[in-house]
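Pasting start27.txt here (compact mmCIF, C-alpha atoms):
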```txt
# COMPACT_ATOMS: atom_id res chain seq x y z
CA MET A 214 -94.11 -50.08 -114.71
CA ALA A 215 -95.91 -46.75 -114.22
CA LYS A 216 -97.26 -46.16 -110.73
CA GLN A 217 -101.00 -45.68 -110.71
CA HIS A 218 -103.36 -43.94 -108.36
CA PRO A 219 -104.58 -46.26 -105.63
CA ILE A 220 -108.10 -47.62 -105.75
CA SER A 221 -107.87 -47.76 -101.95
CA ALA A 222 -105.04 -45.70 -100.45
CA GLU A 223 -105.12 -47.78 -97.27
CA LYS A 224 -102.67 -50.56 -96.54
CA ASN A 225 -104.78 -53.63 -95.72
CA TRP A 226 -104.57 -57.41 -95.65
CA TYR A 227 -106.35 -59.21 -98.47
CA VAL A 228 -106.89 -62.91 -99.14
CA ILE A 229 -106.07 -64.52 -102.45
CA HIS A 230 -107.24 -67.95 -103.48
CA SER A 231 -104.57 -70.26 -104.82
CA VAL A 232 -104.34 -73.78 -106.12
CA SER A 233 -104.50 -75.96 -103.00
CA GLY A 234 -101.13 -77.35 -101.95
CA LEU A 235 -99.23 -74.60 -103.80
CA GLU A 236 -99.71 -71.81 -101.24
CA ASP A 237 -96.00 -71.60 -100.32
CA ASN A 238 -95.08 -71.61 -104.02
CA VAL A 239 -97.54 -68.75 -104.68
CA ALA A 240 -96.10 -66.74 -101.76
CA GLN A 241 -92.52 -67.21 -103.03
CA ASN A 242 -93.45 -66.32 -106.62
CA LEU A 243 -95.34 -63.24 -105.47
CA GLN A 244 -92.38 -62.09 -103.33
CA LYS A 245 -90.11 -62.36 -106.40
CA ARG A 246 -92.60 -60.48 -108.60
CA ILE A 247 -92.90 -57.67 -106.02
CA HIS A 248 -89.12 -57.12 -106.13
CA THR A 249 -88.58 -57.56 -109.87
CA MET A 250 -91.45 -55.20 -110.72
CA GLY A 251 -90.56 -52.61 -108.05
CA MET A 252 -93.87 -52.84 -106.18
CA GLU A 253 -92.44 -52.66 -102.61
CA ASP A 254 -94.37 -49.39 -102.03
CA TYR A 255 -97.68 -51.11 -102.81
CA ILE A 256 -97.32 -54.78 -101.80
CA PHE A 257 -95.73 -55.13 -98.36
CA ASP A 258 -96.05 -58.68 -97.07
CA VAL A 259 -97.18 -62.13 -98.19
CA ILE A 260 -97.93 -64.90 -95.69
CA VAL A 261 -99.32 -68.41 -95.61
CA PRO A 262 -100.65 -68.65 -92.01
CA LYS A 263 -99.57 -71.88 -90.32
CA GLU A 264 -100.05 -73.20 -86.82
CA LYS A 265 -98.26 -75.91 -84.91
CA LYS A 266 -100.20 -79.05 -84.06
CA ILE A 267 -99.33 -82.28 -82.28
CA LYS A 268 -99.83 -85.50 -84.25
CA ILE A 269 -98.92 -89.15 -83.80
CA LYS A 270 -96.53 -90.50 -86.46
CA ASN A 271 -95.14 -94.02 -86.20
CA GLY A 272 -96.34 -94.20 -82.61
CA LYS A 273 -94.43 -91.05 -81.63
CA ARG A 274 -95.72 -87.60 -80.80
CA VAL A 275 -94.48 -84.99 -83.30
CA THR A 276 -95.17 -81.31 -83.78
CA VAL A 277 -96.15 -80.39 -87.32
CA GLU A 278 -96.97 -77.09 -88.99
CA GLU A 279 -100.29 -77.09 -90.81
CA ARG A 280 -101.80 -74.42 -93.02
CA MET A 281 -104.60 -72.66 -91.18
CA PHE A 282 -106.43 -71.87 -94.43
CA PRO A 283 -105.60 -74.42 -97.16
CA GLY A 284 -105.88 -72.81 -100.58
CA TYR A 285 -105.45 -69.23 -99.33
CA VAL A 286 -102.57 -66.75 -99.13
CA PHE A 287 -102.68 -63.41 -97.27
CA VAL A 288 -101.25 -60.27 -98.91
CA GLN A 289 -100.73 -56.90 -97.22
CA MET A 290 -101.03 -54.25 -99.92
CA ILE A 291 -102.46 -51.01 -101.20
CA VAL A 292 -104.79 -51.97 -104.05
CA THR A 293 -103.99 -50.16 -107.32
CA ASP A 294 -104.63 -51.33 -110.84
CA ALA A 295 -100.94 -52.33 -111.08
CA SER A 296 -100.69 -54.09 -107.69
CA TRP A 297 -103.99 -55.92 -108.29
CA TYR A 298 -102.72 -57.05 -111.70
CA ILE A 299 -99.38 -58.31 -110.34
CA VAL A 300 -101.03 -60.35 -107.57
CA ARG A 301 -103.86 -61.62 -109.76
CA ASN A 302 -101.48 -62.79 -112.51
CA THR A 303 -99.05 -64.63 -110.24
CA PRO A 304 -98.91 -68.30 -111.32
CA ASN A 305 -101.42 -70.53 -109.43
CA VAL A 306 -103.44 -67.57 -108.09
CA THR A 307 -107.09 -68.06 -108.97
CA GLY A 308 -108.36 -64.72 -107.63
CA PHE A 309 -108.98 -62.40 -104.72
CA ILE A 310 -111.63 -63.01 -102.09
CA GLY A 311 -114.19 -60.27 -102.63
CA ALA A 312 -117.10 -59.09 -104.69
CA GLY A 313 -116.44 -59.45 -108.41
CA THR A 314 -112.97 -58.08 -109.10
CA THR A 315 -112.91 -55.86 -105.99
CA PRO A 316 -110.90 -57.41 -103.13
CA ILE A 317 -112.42 -57.10 -99.64
CA PRO A 318 -109.90 -56.42 -96.85
CA VAL A 319 -109.58 -58.67 -93.81
CA SER A 320 -110.62 -56.81 -90.65
CA PRO A 321 -107.73 -55.83 -88.35
CA ASP A 322 -109.37 -57.82 -85.51
CA GLU A 323 -109.47 -61.01 -87.57
CA MET A 324 -105.88 -60.47 -88.74
CA GLY A 325 -104.79 -59.98 -85.12
CA ILE A 326 -106.30 -63.34 -84.14
CA ILE A 327 -104.58 -65.07 -87.09
CA GLU A 328 -101.20 -63.49 -86.28
CA LYS A 329 -101.47 -64.56 -82.60
CA LYS A 330 -102.18 -68.17 -83.60
CA THR A 331 -99.22 -68.28 -85.99
CA GLN A 332 -96.81 -66.93 -83.35
CA LYS A 333 -97.51 -69.57 -80.69
CA GLU A 334 -94.22 -71.21 -79.91
CA GLU A 335 -95.17 -74.21 -77.81
CA VAL A 336 -98.13 -76.41 -78.55
CA LYS A 337 -99.98 -77.86 -75.60
CA HIS A 338 -102.42 -80.71 -75.95
CA THR A 339 -105.12 -80.57 -73.33
CA LEU A 340 -106.58 -83.81 -72.07
CA ASN A 341 -110.34 -83.77 -72.07
CA VAL A 342 -110.76 -87.03 -70.15
CA SER A 343 -111.02 -87.90 -66.47
CA ILE A 344 -110.54 -91.05 -64.43
CA ASP A 345 -113.38 -93.58 -65.04
CA ASP A 346 -114.29 -92.08 -68.46
CA LEU A 347 -114.98 -94.65 -71.18
CA VAL A 348 -112.73 -94.28 -74.23
CA LYS A 349 -112.13 -95.95 -77.56
CA ILE A 350 -108.55 -96.50 -78.70
CA VAL A 351 -108.12 -95.05 -82.22
CA ASP A 352 -104.41 -95.72 -82.86
CA GLY A 353 -101.71 -98.23 -82.05
CA PRO A 354 -101.74 -101.98 -81.36
CA PHE A 355 -104.95 -101.77 -79.29
CA LYS A 356 -106.88 -99.87 -81.97
CA ASP A 357 -110.68 -100.37 -81.77
CA PHE A 358 -110.52 -101.64 -78.17
CA GLU A 359 -112.60 -99.82 -75.57
CA GLY A 360 -111.60 -99.23 -71.99
CA LYS A 361 -111.87 -97.14 -68.87
CA VAL A 362 -109.36 -94.41 -67.92
CA SER A 363 -107.53 -95.34 -64.71
CA GLU A 364 -104.77 -92.68 -64.59
CA VAL A 365 -104.17 -89.31 -66.26
CA ASP A 366 -100.71 -87.70 -66.60
CA GLU A 367 -101.53 -84.20 -67.87
CA ALA A 368 -97.87 -83.07 -68.02
CA ARG A 369 -96.78 -85.90 -70.33
CA GLY A 370 -100.06 -86.11 -72.25
CA LYS A 371 -100.31 -89.81 -71.33
CA LEU A 372 -103.00 -91.89 -69.68
CA LYS A 373 -103.59 -95.45 -68.53
CA VAL A 374 -106.62 -97.24 -69.84
CA LEU A 375 -107.95 -100.53 -68.47
CA VAL A 376 -108.67 -102.72 -71.49
CA ASN A 377 -110.58 -105.99 -71.10
CA MET A 378 -108.36 -108.68 -72.63
CA PHE A 379 -108.63 -112.43 -72.02
CA GLY A 380 -111.35 -111.89 -69.43
CA ARG A 381 -109.46 -109.40 -67.25
CA ASN A 382 -108.69 -105.69 -67.18
CA THR A 383 -105.17 -104.94 -68.38
CA PRO A 384 -103.66 -101.44 -67.94
CA VAL A 385 -102.35 -99.95 -71.21
CA GLU A 386 -100.38 -96.68 -71.32
CA LEU A 387 -101.46 -94.52 -74.25
CA ASP A 388 -100.85 -91.07 -75.64
CA SER A 389 -103.85 -88.79 -75.30
CA LEU A 390 -104.00 -88.54 -79.11
CA GLN A 391 -104.55 -92.29 -79.37
CA ILE A 392 -107.97 -92.27 -77.70
CA LYS A 393 -111.42 -90.85 -78.31
CA LYS A 394 -113.86 -90.21 -75.47
CA LEU A 395 -117.09 -92.21 -75.74
```
Take the structure I supplied and represent it as structure tokens, if you would.
Amino acid sequence: MAKQHPISAEKNWYVIHSVSGLEDNVAQNLQKRIHTMGMEDYIFDVIVPKEKKIKIKNGKRVTVEERMFPGYVFVQMIVTDASWYIVRNTPNVTGFIGAGTTPIPVSPDEMGIIEKKTQKEEVKHTLNVSIDDLVKIVDGPFKDFEGKVSEVDEARGKLKVLVNMFGRNTPVELDSLQIKKL
């Protein structure tokens, strides 16, 4: 493919819109197209920003990676007619974010924030409750019960909640993700 003069000679990050749920597929296809069409001098990197989050699955705390921007893929490139065409015509890409057909670059400050979030190794879950706070249990066998926080173990992410059962307060140990502050 003949190299063309750049529309913007600067290397910038751009955002492409993809079919939701197929972001990783789009990134892989685009990487292959860059290599097979010899566009390494114009399209440098393709990422699907993900961050680690803590969730409760089957009563256990697990760390999962979630897409930060579902339906979007980030591409670092110099925009030329050829590079624009290759990205735009990758399967499941619906277009660039920008005005009309002109992609608008992501500011370096915004990209820096996104890169920092994706590089966090350990996820910490902060407890936003204190002793004597009223909470509603949103998961587990005591779901929909309300109670009062009696102990907080910040290090383990656990807390004890006094739940009124059978006319008396019963302490229940819960994960911080199983409650919602009232």
(Q) One number please: atom CA of Ser363 of chain A to atom CA of Asp345 of chain A, in Å, one decimal. (A) 6.1 Å
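Between Val348 of chain A and the candidates A:Gln391, A:Asn242, A:Thr331, A:Thr307, the tightest atom-to-atom separation, counting only C-alpha atoms, involves A:Gln391.
If you measure from each of A:Asn382, A:Thr293, A:Asn238, A:Asn377 to Pro316 of chain A using all atoms listed in the file, the closest one turns out to be A:Thr293.
Taking atom CA of Met281 of chain A and atom CA of His248 of chain A as the two end points, the separation is 26.5 Å.
The gap separating atom CA of Gln332 of chain A from atom CA of Arg301 of chain A is 27.8 Å, in Å to one decimal.
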As a PDB file with C-alpha atoms, in the coordinates of the input, please: the residues near Arg280 of chain A (cut-off 8 Å, all atoms listed in the file, same-chain neighbours under 3 positions excluded).
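Result written to part.pdb:
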```pdb
ATOM      1  CA  VAL A 261     -99.320 -68.410 -95.610  1.00  0.00           C
ATOM      2  CA  PRO A 262    -100.650 -68.650 -92.010  1.00  0.00           C
ATOM      3  CA  LYS A 263     -99.570 -71.880 -90.320  1.00  0.00           C
ATOM      4  CA  GLU A 264    -100.050 -73.200 -86.820  1.00  0.00           C
ATOM      5  CA  PRO A 283    -105.600 -74.420 -97.160  1.00  0.00           C
TER       6      PRO A 283
END
```
